[in-house]
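Chemist: Sharing protein04.pdb below, PDB, C-alpha atoms, pLDDT in the B column:
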ATOM      1  CA  MET A   1      65.784  57.481 -16.586  1.00 47.00           C
ATOM      2  CA  ARG A   2      63.031  59.113 -14.540  1.00 58.00           C
ATOM      3  CA  ASN A   3      60.709  56.966 -12.488  1.00 67.00           C
ATOM      4  CA  TYR A   4      57.146  57.082 -13.787  1.00 69.00           C
ATOM      5  CA  VAL A   5      54.758  58.736 -11.322  1.00 74.00           C
ATOM      6  CA  PRO A   6      51.096  58.049 -12.168  1.00 87.00           C
ATOM      7  CA  THR A   7      48.705  60.977 -12.045  1.00 92.00           C
ATOM      8  CA  PRO A   8      44.903  61.157 -12.345  1.00 94.00           C
ATOM      9  CA  ALA A   9      44.022  60.917 -16.038  1.00 94.00           C
ATOM     10  CA  THR A  10      40.315  60.222 -16.571  1.00 96.00           C
ATOM     11  CA  PRO A  11      37.743  63.006 -16.025  1.00 97.00           C
ATOM     12  CA  GLY A  12      36.508  61.221 -12.905  1.00 97.00           C
ATOM     13  CA  GLU A  13      39.990  60.736 -11.461  1.00 98.00           C
ATOM     14  CA  GLN A  14      40.837  64.375 -12.054  1.00 97.00           C
ATOM     15  CA  ALA A  15      37.539  65.531 -10.558  1.00 98.00           C
ATOM     16  CA  PHE A  16      38.044  63.395  -7.445  1.00 98.00           C
ATOM     17  CA  ALA A  17      41.599  64.712  -7.010  1.00 98.00           C
ATOM     18  CA  HIS A  18      40.168  68.249  -7.311  1.00 98.00           C
ATOM     19  CA  TYR A  19      37.547  67.465  -4.671  1.00 98.00           C
ATOM     20  CA  LEU A  20      40.172  66.075  -2.277  1.00 98.00           C
ATOM     21  CA  ASP A  21      42.336  69.151  -2.820  1.00 97.00           C
ATOM     22  CA  SER A  22      39.321  71.381  -2.110  1.00 96.00           C
ATOM     23  CA  ILE A  23      38.878  69.857   1.355  1.00 96.00           C
ATOM     24  CA  GLY A  24      42.621  69.687   2.060  1.00 96.00           C
ATOM     25  CA  MET A  25      42.768  65.889   1.985  1.00 97.00           C
ATOM     26  CA  PRO A  26      46.168  64.335   1.107  1.00 97.00           C
ATOM     27  CA  TYR A  27      46.066  61.198  -1.039  1.00 97.00           C
ATOM     28  CA  GLN A  28      48.171  58.625  -2.863  1.00 97.00           C
ATOM     29  CA  PHE A  29      47.284  57.744  -6.460  1.00 97.00           C
ATOM     30  CA  GLU A  30      47.680  54.257  -7.961  1.00 96.00           C
ATOM     31  CA  GLU A  31      50.029  53.164  -5.212  1.00 93.00           C
ATOM     32  CA  ARG A  32      51.299  49.604  -5.633  1.00 91.00           C
ATOM     33  CA  HIS A  33      51.280  47.151  -2.728  1.00 87.00           C
ATOM     34  CA  ALA A  34      53.683  44.241  -2.602  1.00 84.00           C
ATOM     35  CA  ASP A  35      51.021  41.760  -1.514  1.00 90.00           C
ATOM     36  CA  LYS A  36      48.237  42.994  -3.825  1.00 93.00           C
ATOM     37  CA  ALA A  37      47.799  42.240  -7.538  1.00 94.00           C
ATOM     38  CA  LYS A  38      45.176  44.937  -8.113  1.00 94.00           C
ATOM     39  CA  VAL A  39      46.002  48.641  -7.955  1.00 96.00           C
ATOM     40  CA  ILE A  40      43.295  50.912  -6.540  1.00 97.00           C
ATOM     41  CA  ASP A  41      43.063  54.505  -7.761  1.00 97.00           C
ATOM     42  CA  PHE A  42      43.203  56.454  -4.490  1.00 98.00           C
ATOM     43  CA  ARG A  43      44.393  55.746  -0.954  1.00 97.00           C
ATOM     44  CA  ILE A  44      43.513  58.134   1.879  1.00 98.00           C
ATOM     45  CA  GLU A  45      44.730  57.940   5.447  1.00 98.00           C
ATOM     46  CA  TRP A  46      42.055  58.776   7.997  1.00 98.00           C
ATOM     47  CA  ASN A  47      41.993  58.233  11.760  1.00 96.00           C
ATOM     48  CA  GLY A  48      45.002  55.955  11.581  1.00 96.00           C
ATOM     49  CA  GLY A  49      43.704  53.686   8.813  1.00 96.00           C
ATOM     50  CA  SER A  50      43.944  53.352   5.040  1.00 97.00           C
ATOM     51  CA  HIS A  51      40.819  53.908   2.947  1.00 98.00           C
ATOM     52  CA  PHE A  52      40.683  52.961  -0.739  1.00 98.00           C
ATOM     53  CA  PHE A  53      38.636  54.537  -3.526  1.00 98.00           C
ATOM     54  CA  ASP A  54      38.285  53.409  -7.143  1.00 98.00           C
ATOM     55  CA  VAL A  55      36.802  55.903  -9.604  1.00 98.00           C
ATOM     56  CA  LYS A  56      34.319  54.780 -12.256  1.00 97.00           C
ATOM     57  CA  ASP A  57      33.273  57.200 -14.996  1.00 97.00           C
ATOM     58  CA  PHE A  58      29.799  56.964 -16.521  1.00 95.00           C
ATOM     59  CA  GLN A  59      29.911  57.738 -20.239  1.00 91.00           C
ATOM     60  CA  SER A  60      27.074  57.273 -22.714  1.00 77.00           C
ATOM     61  CA  PRO A  61      27.857  54.943 -25.634  1.00 68.00           C
ATOM     62  CA  PRO A  62      27.670  56.476 -29.124  1.00 57.00           C
ATOM     63  CA  LEU A  63      24.174  56.530 -30.573  1.00 52.00           C
ATOM     64  CA  ARG A  64      23.453  53.948 -33.253  1.00 53.00           C
ATOM     65  CA  ARG A  65      22.176  55.171 -36.589  1.00 54.00           C
ATOM     66  CA  PHE A  66      19.639  52.383 -36.711  1.00 51.00           C
ATOM     67  CA  GLY A  67      18.502  50.960 -33.419  1.00 52.00           C
ATOM     68  CA  SER A  68      15.523  49.727 -31.509  1.00 51.00           C
ATOM     69  CA  PHE A  69      13.782  51.325 -28.578  1.00 51.00           C
ATOM     70  CA  GLY A  70      14.424  49.845 -25.159  1.00 52.00           C
ATOM     71  CA  THR A  71      13.443  50.313 -21.527  1.00 60.00           C
ATOM     72  CA  PHE A  72      15.575  52.704 -19.471  1.00 66.00           C
ATOM     73  CA  GLN A  73      16.940  50.878 -16.429  1.00 80.00           C
ATOM     74  CA  PRO A  74      18.686  53.464 -14.226  1.00 86.00           C
ATOM     75  CA  CYS A  75      19.942  50.923 -11.676  1.00 89.00           C
ATOM     76  CA  LYS A  76      21.607  48.666 -14.249  1.00 90.00           C
ATOM     77  CA  PRO A  77      24.748  50.746 -15.004  1.00 92.00           C
ATOM     78  CA  VAL A  78      25.274  51.415 -11.295  1.00 94.00           C
ATOM     79  CA  ARG A  79      25.094  47.717 -10.494  1.00 93.00           C
ATOM     80  CA  GLU A  80      27.492  46.895 -13.328  1.00 94.00           C
ATOM     81  CA  ARG A  81      30.103  49.202 -11.842  1.00 95.00           C
ATOM     82  CA  ILE A  82      29.517  47.865  -8.343  1.00 96.00           C
ATOM     83  CA  ALA A  83      30.278  44.405  -9.758  1.00 94.00           C
ATOM     84  CA  ARG A  84      33.517  45.669 -11.325  1.00 94.00           C
ATOM     85  CA  CYS A  85      34.627  47.278  -8.064  1.00 95.00           C
ATOM     86  CA  ARG A  86      33.793  44.119  -6.136  1.00 93.00           C
ATOM     87  CA  LYS A  87      36.483  42.322  -8.141  1.00 94.00           C
ATOM     88  CA  LYS A  88      39.045  45.082  -7.625  1.00 94.00           C
ATOM     89  CA  PHE A  89      38.411  45.318  -3.887  1.00 97.00           C
ATOM     90  CA  LYS A  90      38.534  41.539  -3.349  1.00 95.00           C
ATOM     91  CA  GLU A  91      42.111  41.700  -2.045  1.00 95.00           C
ATOM     92  CA  TYR A  92      41.382  44.656   0.218  1.00 96.00           C
ATOM     93  CA  LYS A  93      38.871  43.119   2.635  1.00 95.00           C
ATOM     94  CA  GLU A  94      40.788  44.427   5.649  1.00 96.00           C
ATOM     95  CA  PHE A  95      40.250  48.039   4.563  1.00 97.00           C
ATOM     96  CA  CYS A  96      37.402  50.490   4.098  1.00 98.00           C
ATOM     97  CA  CYS A  97      36.707  50.510   0.345  1.00 98.00           C
ATOM     98  CA  ALA A  98      34.330  52.590  -1.761  1.00 98.00           C
ATOM     99  CA  PRO A  99      33.678  53.111  -5.476  1.00 98.00           C
ATOM    100  CA  VAL A 100      33.499  56.736  -6.601  1.00 98.00           C
ATOM    101  CA  PHE A 101      30.973  57.313  -9.397  1.00 98.00           C
ATOM    102  CA  PHE A 102      31.386  60.280 -11.736  1.00 98.00           C
ATOM    103  CA  ASN A 103      28.906  61.233 -14.447  1.00 96.00           C
ATOM    104  CA  ASP A 104      30.888  62.222 -17.554  1.00 95.00           C
ATOM    105  CA  GLY A 105      27.927  63.240 -19.710  1.00 90.00           C
ATOM    106  CA  ALA A 106      25.977  60.002 -19.420  1.00 89.00           C
ATOM    107  CA  LEU A 107      22.275  59.400 -18.856  1.00 85.00           C
ATOM    108  CA  ALA A 108      22.993  58.362 -15.284  1.00 89.00           C
ATOM    109  CA  MET A 109      20.997  59.248 -12.174  1.00 93.00           C
ATOM    110  CA  LEU A 110      23.764  59.165  -9.582  1.00 96.00           C
ATOM    111  CA  GLU A 111      22.187  61.742  -7.281  1.00 96.00           C
ATOM    112  CA  GLU A 112      18.770  60.071  -7.058  1.00 94.00           C
ATOM    113  CA  PHE A 113      17.794  58.413  -3.774  1.00 93.00           C
ATOM    114  CA  ASP A 114      15.710  55.622  -5.329  1.00 90.00           C
ATOM    115  CA  VAL A 115      18.290  54.809  -8.002  1.00 92.00           C
ATOM    116  CA  MET A 116      21.314  54.611  -5.723  1.00 94.00           C
ATOM    117  CA  LEU A 117      19.603  52.763  -2.879  1.00 93.00           C
ATOM    118  CA  GLY A 118      17.706  50.620  -5.389  1.00 91.00           C
ATOM    119  CA  SER A 119      21.029  49.616  -6.927  1.00 93.00           C
ATOM    120  CA  MET A 120      22.284  48.643  -3.485  1.00 94.00           C
ATOM    121  CA  TYR A 121      19.269  46.967  -1.898  1.00 90.00           C
ATOM    122  CA  GLY A 122      16.786  46.168  -4.680  1.00 83.00           C
ATOM    123  CA  GLU A 123      14.237  47.783  -6.938  1.00 69.00           C
ATOM    124  CA  PRO A 124      12.289  50.524  -5.156  1.00 58.00           C
ATOM    125  CA  THR A 125       8.694  49.493  -4.608  1.00 51.00           C
ATOM    126  CA  VAL A 126       5.791  50.024  -2.224  1.00 44.00           C
ATOM    127  CA  ARG A 127       4.382  47.642   0.379  1.00 49.00           C
ATOM    128  CA  ILE A 128       0.616  47.934   0.922  1.00 48.00           C
ATOM    129  CA  PRO A 129      -1.052  46.014   3.763  1.00 55.00           C
ATOM    130  CA  VAL A 130      -4.155  44.023   2.847  1.00 54.00           C
ATOM    131  CA  ASP A 131      -7.170  43.347   5.058  1.00 54.00           C
ATOM    132  CA  VAL A 132      -7.680  39.652   4.304  1.00 50.00           C
ATOM    133  CA  GLU A 133     -11.197  39.536   5.785  1.00 57.00           C
ATOM    134  CA  ALA A 134     -12.385  42.584   3.870  1.00 53.00           C
ATOM    135  CA  GLY A 135     -10.426  41.590   0.770  1.00 52.00           C
ATOM    136  CA  ALA A 136      -9.168  45.130   0.251  1.00 52.00           C
ATOM    137  CA  ALA A 137      -5.876  47.001   0.466  1.00 50.00           C
ATOM    138  CA  ASP A 138      -5.262  49.690   3.066  1.00 55.00           C
ATOM    139  CA  PRO A 139      -3.498  52.616   1.314  1.00 53.00           C
ATOM    140  CA  SER A 140      -3.075  54.463   4.621  1.00 56.00           C
ATOM    141  CA  GLY A 141      -0.501  51.863   5.673  1.00 52.00           C
ATOM    142  CA  MET A 142       1.497  52.113   2.462  1.00 45.00           C
ATOM    143  CA  GLU A 143       5.273  52.253   2.964  1.00 50.00           C
ATOM    144  CA  PRO A 144       8.254  52.319   0.571  1.00 51.00           C
ATOM    145  CA  THR A 145      10.580  49.312   0.482  1.00 52.00           C
ATOM    146  CA  PHE A 146      12.985  47.465  -1.807  1.00 52.00           C
ATOM    147  CA  SER A 147      12.443  44.243  -3.715  1.00 55.00           C
ATOM    148  CA  GLY A 148      15.086  41.887  -5.145  1.00 58.00           C
ATOM    149  CA  GLY A 149      17.998  42.637  -7.440  1.00 66.00           C
ATOM    150  CA  GLY A 150      20.154  44.746  -5.125  1.00 83.00           C
ATOM    151  CA  MET A 151      23.921  44.294  -5.048  1.00 89.00           C
ATOM    152  CA  MET A 152      24.267  44.474  -1.267  1.00 92.00           C
ATOM    153  CA  VAL A 153      21.506  42.026  -0.339  1.00 86.00           C
ATOM    154  CA  GLY A 154      21.156  38.557  -1.804  1.00 78.00           C
ATOM    155  CA  PRO A 155      18.382  35.964  -1.692  1.00 75.00           C
ATOM    156  CA  GLY A 156      16.786  35.643   1.719  1.00 73.00           C
ATOM    157  CA  GLY A 157      18.211  38.978   2.828  1.00 77.00           C
ATOM    158  CA  LYS A 158      21.772  37.646   3.056  1.00 85.00           C
ATOM    159  CA  PRO A 159      24.375  40.471   2.963  1.00 90.00           C
ATOM    160  CA  GLU A 160      26.595  40.569  -0.136  1.00 89.00           C
ATOM    161  CA  ASN A 161      29.507  42.737  -1.269  1.00 93.00           C
ATOM    162  CA  THR A 162      30.295  43.543   2.357  1.00 95.00           C
ATOM    163  CA  THR A 163      33.792  44.773   1.442  1.00 96.00           C
ATOM    164  CA  ILE A 164      32.227  47.860  -0.163  1.00 97.00           C
ATOM    165  CA  SER A 165      31.695  50.266   2.717  1.00 98.00           C
ATOM    166  CA  ALA A 166      29.760  52.856   0.710  1.00 98.00           C
ATOM    167  CA  LEU A 167      29.081  54.218  -2.738  1.00 98.00           C
ATOM    168  CA  VAL A 168      30.300  57.762  -3.395  1.00 98.00           C
ATOM    169  CA  THR A 169      28.660  60.036  -5.959  1.00 98.00           C
ATOM    170  CA  LEU A 170      31.070  62.724  -7.149  1.00 98.00           C
ATOM    171  CA  THR A 171      29.321  65.799  -8.503  1.00 98.00           C
ATOM    172  CA  THR A 172      29.165  69.607  -8.290  1.00 97.00           C
ATOM    173  CA  VAL A 173      26.815  72.248  -6.955  1.00 97.00           C
ATOM    174  CA  ARG A 174      26.225  75.954  -7.549  1.00 95.00           C
ATOM    175  CA  PRO A 175      26.479  77.722  -4.169  1.00 94.00           C
ATOM    176  CA  ASP A 176      23.872  80.285  -3.172  1.00 90.00           C
ATOM    177  CA  HIS A 177      26.467  83.014  -2.637  1.00 86.00           C
ATOM    178  CA  ASP A 178      28.001  82.534  -6.120  1.00 87.00           C
ATOM    179  CA  PRO A 179      25.537  80.893  -8.553  1.00 85.00           C
ATOM    180  CA  ASN A 180      27.884  81.551 -11.495  1.00 90.00           C
ATOM    181  CA  SER A 181      30.479  79.069 -10.226  1.00 93.00           C
ATOM    182  CA  THR A 182      30.477  75.424  -9.144  1.00 95.00           C
ATOM    183  CA  ARG A 183      31.927  73.602  -6.151  1.00 96.00           C
ATOM    184  CA  PRO A 184      32.902  69.910  -6.034  1.00 97.00           C
ATOM    185  CA  ARG A 185      30.946  67.741  -3.640  1.00 98.00           C
ATOM    186  CA  VAL A 186      30.188  64.120  -2.827  1.00 98.00           C
ATOM    187  CA  ILE A 187      27.177  62.139  -1.681  1.00 98.00           C
ATOM    188  CA  VAL A 188      28.155  59.159   0.467  1.00 98.00           C
ATOM    189  CA  TRP A 189      25.659  56.290   0.323  1.00 98.00           C
ATOM    190  CA  HIS A 190      26.570  54.122   3.327  1.00 98.00           C
ATOM    191  CA  ASN A 191      26.289  50.356   2.854  1.00 96.00           C
ATOM    192  CA  ALA A 192      24.207  48.993   5.740  1.00 93.00           C
ATOM    193  CA  CYS A 193      25.701  45.529   5.058  1.00 93.00           C
ATOM    194  CA  ALA A 194      29.364  46.620   5.126  1.00 96.00           C
ATOM    195  CA  ARG A 195      31.908  44.621   7.091  1.00 95.00           C
ATOM    196  CA  ILE A 196      33.796  47.846   7.807  1.00 97.00           C
ATOM    197  CA  PRO A 197      31.480  50.873   8.098  1.00 97.00           C
ATOM    198  CA  PHE A 198      32.389  54.027   6.208  1.00 98.00           C
ATOM    199  CA  PRO A 199      33.560  56.752   8.636  1.00 98.00           C
ATOM    200  CA  THR A 200      30.769  59.165   9.455  1.00 97.00           C
ATOM    201  CA  ASP A 201      33.294  62.010   9.781  1.00 97.00           C
ATOM    202  CA  LEU A 202      35.075  61.516   6.426  1.00 98.00           C
ATOM    203  CA  PHE A 203      34.024  63.725   3.472  1.00 98.00           C
ATOM    204  CA  CYS A 204      32.036  66.159   5.589  1.00 97.00           C
ATOM    205  CA  GLY A 205      32.742  69.277   3.566  1.00 96.00           C
ATOM    206  CA  PRO A 206      30.390  72.276   3.391  1.00 96.00           C
ATOM    207  CA  TYR A 207      28.588  70.889   0.299  1.00 97.00           C
ATOM    208  CA  ASP A 208      28.674  67.163   1.067  1.00 98.00           C
ATOM    209  CA  THR A 209      25.884  64.789   2.082  1.00 98.00           C
ATOM    210  CA  HIS A 210      25.798  61.394   3.782  1.00 98.00           C
ATOM    211  CA  VAL A 211      22.876  58.966   3.498  1.00 97.00           C
ATOM    212  CA  GLY A 212      22.686  56.047   5.907  1.00 95.00           C
ATOM    213  CA  LEU A 213      20.620  54.197   8.474  1.00 91.00           C
ATOM    214  CA  VAL A 214      18.427  56.285  10.780  1.00 92.00           C
ATOM    215  CA  GLN A 215      16.055  55.425  13.595  1.00 85.00           C
ATOM    216  CA  LEU A 216      12.397  55.812  12.643  1.00 79.00           C
ATOM    217  CA  GLU A 217       9.602  57.012  14.899  1.00 80.00           C
ATOM    218  CA  ASP A 218       8.043  53.534  14.980  1.00 76.00           C
ATOM    219  CA  GLY A 219      11.285  52.075  16.362  1.00 75.00           C
ATOM    220  CA  GLY A 220      12.447  50.602  13.071  1.00 76.00           C
ATOM    221  CA  THR A 221      15.291  51.723  10.832  1.00 83.00           C
ATOM    222  CA  GLY A 222      15.339  53.362   7.417  1.00 85.00           C
ATOM    223  CA  GLN A 223      17.592  55.268   5.028  1.00 90.00           C
ATOM    224  CA  ASP A 224      17.835  59.054   5.154  1.00 93.00           C
ATOM    225  CA  ILE A 225      20.277  61.947   5.367  1.00 96.00           C
ATOM    226  CA  THR A 226      22.713  61.570   8.285  1.00 97.00           C
ATOM    227  CA  PHE A 227      24.930  64.540   7.384  1.00 97.00           C
ATOM    228  CA  ARG A 228      24.272  67.678   5.349  1.00 97.00           C
ATOM    229  CA  GLY A 229      26.926  70.292   4.584  1.00 97.00           C
ATOM    230  CA  VAL A 230      26.286  73.718   6.058  1.00 96.00           C
ATOM    231  CA  ASP A 231      26.569  75.515   2.699  1.00 95.00           C
ATOM    232  CA  LEU A 232      24.480  73.125   0.623  1.00 96.00           C
ATOM    233  CA  PRO A 233      21.648  75.090  -1.050  1.00 94.00           C
ATOM    234  CA  ALA A 234      18.171  74.395   0.307  1.00 93.00           C
ATOM    235  CA  ASN A 235      16.909  73.264  -3.102  1.00 92.00           C
ATOM    236  CA  VAL A 236      19.416  70.388  -3.180  1.00 93.00           C
ATOM    237  CA  ARG A 237      17.816  67.379  -1.492  1.00 88.00           C
ATOM    238  CA  PHE A 238      20.788  64.999  -1.481  1.00 90.00           C
TER     239      PHE A 238
END
Can the structure from this file be put into C-alpha cells for me?
Modeler:
Amino acid sequence: MRNYVPTPATPGEQAFAHYLDSIGMPYQFEERHADKAKVIDFRIEWNGGSHFFDVKDFQSPPLRRFGSFGTFQPCKPVRERIARCRKKFKEYKEFCCAPVFFNDGALAMLEEFDVMLGSMYGEPTVRIPVDVEAGAADPSGMEPTFSGGGMMVGPGGKPENTTISALVTLTTVRPDHDPNSTRPRVIVWHNACARIPFPTDLFCGPYDTHVGLVQLEDGGTGQDITFRGVDLPANVRF
C-alpha cells in the first residue's frame, strides 16, 4: 500500500505553492510533528530556522433569496481568520508563524492598508487636537491612528497574538511588460507586537511588498512600505 503524501488542495494552498515555486522556495506541506497536535499547511526553512504558514481562503457565502441589508465590515472576516490561526499556531510559539490570506472570489479587501492594519491594531480613525481655551479643533494637526478592536493590541495597548509574526496577503499582479498575464505576489504585513519578527529578507520577489514599522520625521514610528519589488507597477500602491 502506498503511503499517502498530502498535496495542496484548496485554491489558496495551490496558489501559495505556485508562488513559492515562482521564487524558487522549497517547502514541506502538511508535515506532521511528533510533539504537535496541529498540522500547519506549509513549512519553509530560511536562515537556519523553520517558518510556518497556514493558508486561509476567503469565499463569499451564497446569497440568500430573502435577506436583510447589513453594514459591510471589512475588518471582521480578517479578524475571524486571525483568531482561527491563533489557535492553530498555539503550539508553535518557538517559530515564526504567519497566516496566508487568499481571496477566492469574496468581497474581501486584503490589499487595503486601512483594512489590514485596522484588523491588526484597531479601527482606522483620525486624531484631531483640540485647543481647550479656544474650544475649537485644529485640523492642521490631524493625524491618522487606530482605535480599539485590533487583534494584535488589547485593552490598554497590551500586545496580543504575539505568536503571529505577520499577515501575508497572497494575490496577483499584471506586470507592465506583459499586461495580458499575471504574476503571483505577496504583501507581508509585519506584526509590530510579534514575539519573533518576520524576516525582512523573506518573500522579497520582484512583485512583493512588505509593510512594517518606519521612523517618522518627527521621531516617532508609523506603518509604511519597507520593501517594494523592483518590477511592481507604479500604479500598485501596496
Chemist: Could you give me, as a list in words, the residues within 10 Å of Glu91 (chain A), counting all atoms listed in the file and dropping anything in the same chain fewer than 6 positions from it?
Modeler: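 Listed by chain and then number, they are Asp35, Lys36, Ala37, Lys38, Val39 and Thr163 of chain A.
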Chemist: Go ahead and save the residues from that selection, with C-alpha atoms, as an mmCIF file, in the coordinates of the input.
Modeler:
data_model
loop_
_atom_site.group_PDB
_atom_site.id
_atom_site.type_symbol
_atom_site.label_atom_id
_atom_site.label_comp_id
_atom_site.auth_asym_id
_atom_site.auth_seq_id
_atom_site.Cartn_x
_atom_site.Cartn_y
_atom_site.Cartn_z
ATOM 1 C CA ASP A 35 51.021 41.760 -1.514
ATOM 2 C CA LYS A 36 48.237 42.994 -3.825
ATOM 3 C CA ALA A 37 47.799 42.240 -7.538
ATOM 4 C CA LYS A 38 45.176 44.937 -8.113
ATOM 5 C CA VAL A 39 46.002 48.641 -7.955
ATOM 6 C CA THR A 163 33.792 44.773 1.442
#
Chemist: Identify, on the basis of all atoms listed in the file, every residue whose closest approach to Ile225 (chain A) does not exceed 6 Å; exclude the query and any residue fewer than 2 positions from it along the same chain; express the result as a short mmCIF file (atom, residue, chain, number, x, y, z; two decimals) with C-alpha atoms, in the coordinates of the input.
Modeler:
data_model
loop_
_atom_site.label_atom_id
_atom_site.label_comp_id
_atom_site.auth_asym_id
_atom_site.auth_seq_id
_atom_site.Cartn_x
_atom_site.Cartn_y
_atom_site.Cartn_z
CA HIS A 210 25.80 61.39 3.78
CA VAL A 211 22.88 58.97 3.50
CA PHE A 227 24.93 64.54 7.38
#
Chemist: Between CA of Thr171 (chain A) and CA of Pro199 (chain A), what distance in Å does the model show, to one decimal?
Modeler: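 Distance reported for this atom pair: 19.8 Å.
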Chemist: To test your reading of the syntax: which residues would the PyMOL selection byres ((chain A and resi 95-99) around 8) return for the file shown? Reply as a short mmCIF file (atom, residue, chain, number, x, y, z; two decimals) with C-alpha atoms, keeping the file's coordinate frame.
Modeler:
data_model
loop_
_atom_site.label_atom_id
_atom_site.label_comp_id
_atom_site.auth_asym_id
_atom_site.auth_seq_id
_atom_site.Cartn_x
_atom_site.Cartn_y
_atom_site.Cartn_z
CA GLY A 49 43.70 53.69 8.81
CA SER A 50 43.94 53.35 5.04
CA HIS A 51 40.82 53.91 2.95
CA PHE A 52 40.68 52.96 -0.74
CA PHE A 53 38.64 54.54 -3.53
CA ASP A 54 38.28 53.41 -7.14
CA VAL A 55 36.80 55.90 -9.60
CA LYS A 56 34.32 54.78 -12.26
CA ILE A 82 29.52 47.86 -8.34
CA CYS A 85 34.63 47.28 -8.06
CA PHE A 89 38.41 45.32 -3.89
CA TYR A 92 41.38 44.66 0.22
CA LYS A 93 38.87 43.12 2.64
CA GLU A 94 40.79 44.43 5.65
CA VAL A 100 33.50 56.74 -6.60
CA PHE A 101 30.97 57.31 -9.40
CA THR A 163 33.79 44.77 1.44
CA ILE A 164 32.23 47.86 -0.16
CA SER A 165 31.70 50.27 2.72
CA ALA A 166 29.76 52.86 0.71
CA LEU A 167 29.08 54.22 -2.74
CA VAL A 168 30.30 57.76 -3.40
CA ILE A 196 33.80 47.85 7.81
CA PRO A 197 31.48 50.87 8.10
CA PHE A 198 32.39 54.03 6.21
#
Chemist: Quick one, how far is CA of Ser22 (chain A) from CA of Ile44 (chain A)?
Modeler: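 Going from CA of Ser22 (chain A) over to CA of Ile44 (chain A), I get 14.5 Å.
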Chemist: Pick out the residues sitting within 12 Å of Gln14 (chain A), and hand them over as a list in words; count all atoms listed in the file, and ignore anything fewer than 4 positions along from it in its own chain.
Modeler: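 Residues near the query, excluding close chain neighbours: Thr7, Pro8, Ala9, Thr10, His18, Tyr19, Leu20, Asp21, Phe29, Asp41, Phe42, Val55, Lys56, Asp57, Val100, Phe102, Asp104, Leu170 and Pro184 of chain A.
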Chemist: Mind pulling up the distance from CA of Thr182 (chain A) to CA of Ser60 (chain A)?
Modeler: 22.9 Å
Chemist: Extract, using all atoms listed in the file, all DNA, RNA and protein residues at most 7 Å from Gln223 (chain A), discarding same-chain residues fewer than 2 positions from it, and format them as a PyMOL selection string.
Modeler: chain A and resi 211-214
Chemist: Could you check which of A:Val173, A:Val5, A:Val230, A:Leu110 is closest to Cys75 (chain A), using all atoms listed in the file?
Modeler: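 Selected residue with least distance to Cys75 (chain A): A:Leu110.
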Chemist: Tell me which protein, DNA and RNA residues are within 9 Å of Leu107 (chain A), counting all atoms listed in the file, leaving out same-chain ones fewer than 6 positions away, and put them as a PyMOL selection string.
Modeler: chain A and resi 58-60+74
Chemist: Write the residues of the preceding selection, restricted to C-alpha atoms, as a short mmCIF file (atom, residue, chain, number, x, y, z; two decimals), in the frame of the given file.
Modeler:
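Wrote part37.cif, looks like this:
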data_model
loop_
_atom_site.label_atom_id
_atom_site.label_comp_id
_atom_site.auth_asym_id
_atom_site.auth_seq_id
_atom_site.Cartn_x
_atom_site.Cartn_y
_atom_site.Cartn_z
CA PHE A 58 29.80 56.96 -16.52
CA GLN A 59 29.91 57.74 -20.24
CA SER A 60 27.07 57.27 -22.71
CA PRO A 74 18.69 53.46 -14.23
#
Chemist: So what does the PyMOL selection byres ((chain A and resi 150-159) around 10) actually pick up in this one, as an NGL selection string?
Modeler: :A and (75 or 78-80 or 82-83 or 86 or 116-124 or 146-149 or 160-164 or 191-195)
